[in-house]
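Remarks on the structure that follows.
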Amino acid sequence: MEWTEWLQLIIGFFVANVLGYGGGPASIPLMYREIVTNHAWSTPAEFSNILALGNALPGPIATKIAAFVGYDVGGWVGVVFALAATVVPSAVALIILLNVLQKHRQSPAVKGMTLLVQPVIAIMMLLLTWQMGESAIASIGWLQSLIIAAVAFWAMQIRKIHPALVIVAAFVYGGLVIPNLSI
């Protein structure tokens with residue numbers, strides 16, 4: 001792997017995580033854009049699988065995605081660069097911003113910034129959901145996608161089953177049932 005590819009890995013994850021104000025939910029659409037759209041390090045379907053697996057494992061989603069893609073792109077060196085680009089800027093920014101916010105926590109500007117970012121994050125998550133839904137429909141059809149979404153909603157919202165268990169069940173269904181269906 002050339003140094004330019006390592007640099008792209010660093011810049012890609014740096015951009016996604018520095019601009020991803022609000023943590024994992026905000027950085028996932030940005031990571032999708034860098035990983036799938038800008039650099040083609042994975043396909044939309046592969047990204048969906050990475051995201052699902054990452055959500056089923058404990059810990060922050062951004063670091064799990066960075067480690068997986070970093071290894072896939074550049075081996076262990078890629079893991080180190082992708083994780084560093086994901087973690088170091090956030091840690092430095094957190095230290096600096098906590099000091100600034102502590103000094104100005106009663107400021108209407110600080111309160112307003114925090115409140116105004118939330119709708120932007122919601123729209124980004126909605127767009128990511130739309131893109132992943134299109135990918136699922138293209139892969140398994142609208143009926144299977146709708147059934148899986150409805151069962152997942154029922155399991156998590158009505159039955160209060162942990163999302164990790166729902167993801168594992170979807171993996172099992174996708175690996176054992178869907179390949180045997182004639183769609």
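We name chains A, B, ... following the order of the structure tokens; residues begin at 1 in each chain, and ligands are numbered from 1 as shown.
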Query raised in the report: Counting only C-alpha atoms, what is within 7 Å of region 55-67 of chain A, bar same-chain residues fewer than 3 positions away, as a PyMOL selection string?
Result: chain A and resi 24+50-52+70-71+79+82-83+86+164+167
Report task. Enumerate as a VMD selection string all residues of region 34-92 of chain A assigned to helix (DSSP H, G or I) by DSSP on the backbone, naming them with the chain letters and numbers the document uses. Result -> chain A and resid 34 to 38 44 to 56 61 to 92
Query raised in the report: So which residues touch Leu128 (chain A) within 7 Å, counting only C-alpha atoms, skipping near sequence neighbours fewer than 4 positions away, as a VMD selection string?
Result: chain A and resid 29 124 132
What does the file look like for those residues with N, CA and C atoms, as a short mmCIF file (atom, residue, chain, number, x, y, z; two decimals), in the first residue's frame?
```cif
data_model
loop_
_atom_site.label_atom_id
_atom_site.label_comp_id
_atom_site.auth_asym_id
_atom_site.auth_seq_id
_atom_site.Cartn_x
_atom_site.Cartn_y
_atom_site.Cartn_z
N PRO A 29 -23.42 8.69 8.61
CA PRO A 29 -23.65 9.13 7.22
C PRO A 29 -22.41 9.73 6.58
N MET A 124 -29.59 13.79 8.42
CA MET A 124 -28.51 12.93 7.93
C MET A 124 -28.83 11.46 8.17
N MET A 132 -29.71 3.10 2.59
CA MET A 132 -29.59 1.69 2.97
C MET A 132 -30.87 0.93 2.61
#
```
**Report entry** Which residue of A:Pro44, A:Ile148, A:Val69, A:Val88 approaches Trp130 (chain A) most closely, using only C-alpha atoms
**Finding:**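 Comparing A:Pro44, A:Ile148, A:Val69, A:Val88 against Trp130 (chain A), the winner is A:Pro44.
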**Report entry** Given only C-alpha atoms as the counted atoms, nearest of A:Leu53, A:Ala150, A:Met156, A:Met125 to Met31 (chain A)
**Finding:**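 Closest to Met31 (chain A), using only C-alpha atoms: A:Met125.
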Per residue of region 115-147 of chain A within 12 Å of region 176-181 of chain A, record the nearest atom pair and its distance in Å to one decimal, counting only C-alpha atoms, with rows in chain order and ascending residue number, as a Markdown table.
```
| residue | atom | partner | partner_atom | distance |
| --- | --- | --- | --- | --- |
| A:Ser139 | CA | A:Ile178 | CA | 10.3 |
| A:Ile140 | CA | A:Ile178 | CA | 7.8 |
| A:Gly141 | CA | A:Ile178 | CA | 10.8 |
| A:Gln144 | CA | A:Ile178 | CA | 8.8 |
| A:Ser145 | CA | A:Ile178 | CA | 11.1 |
```
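Of note, CA of Val166 (chain A) and CA of Ala152 (chain A) are spaced 6.4 Å apart.
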Report task. Could you check which of A:Phe47, A:Trp3, A:Tyr32, A:Phe153 is closest to Val15 (chain A), using only C-alpha atoms? Result ->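 Looking at the shortest contact to Val15 (chain A), the residue is A:Tyr32.
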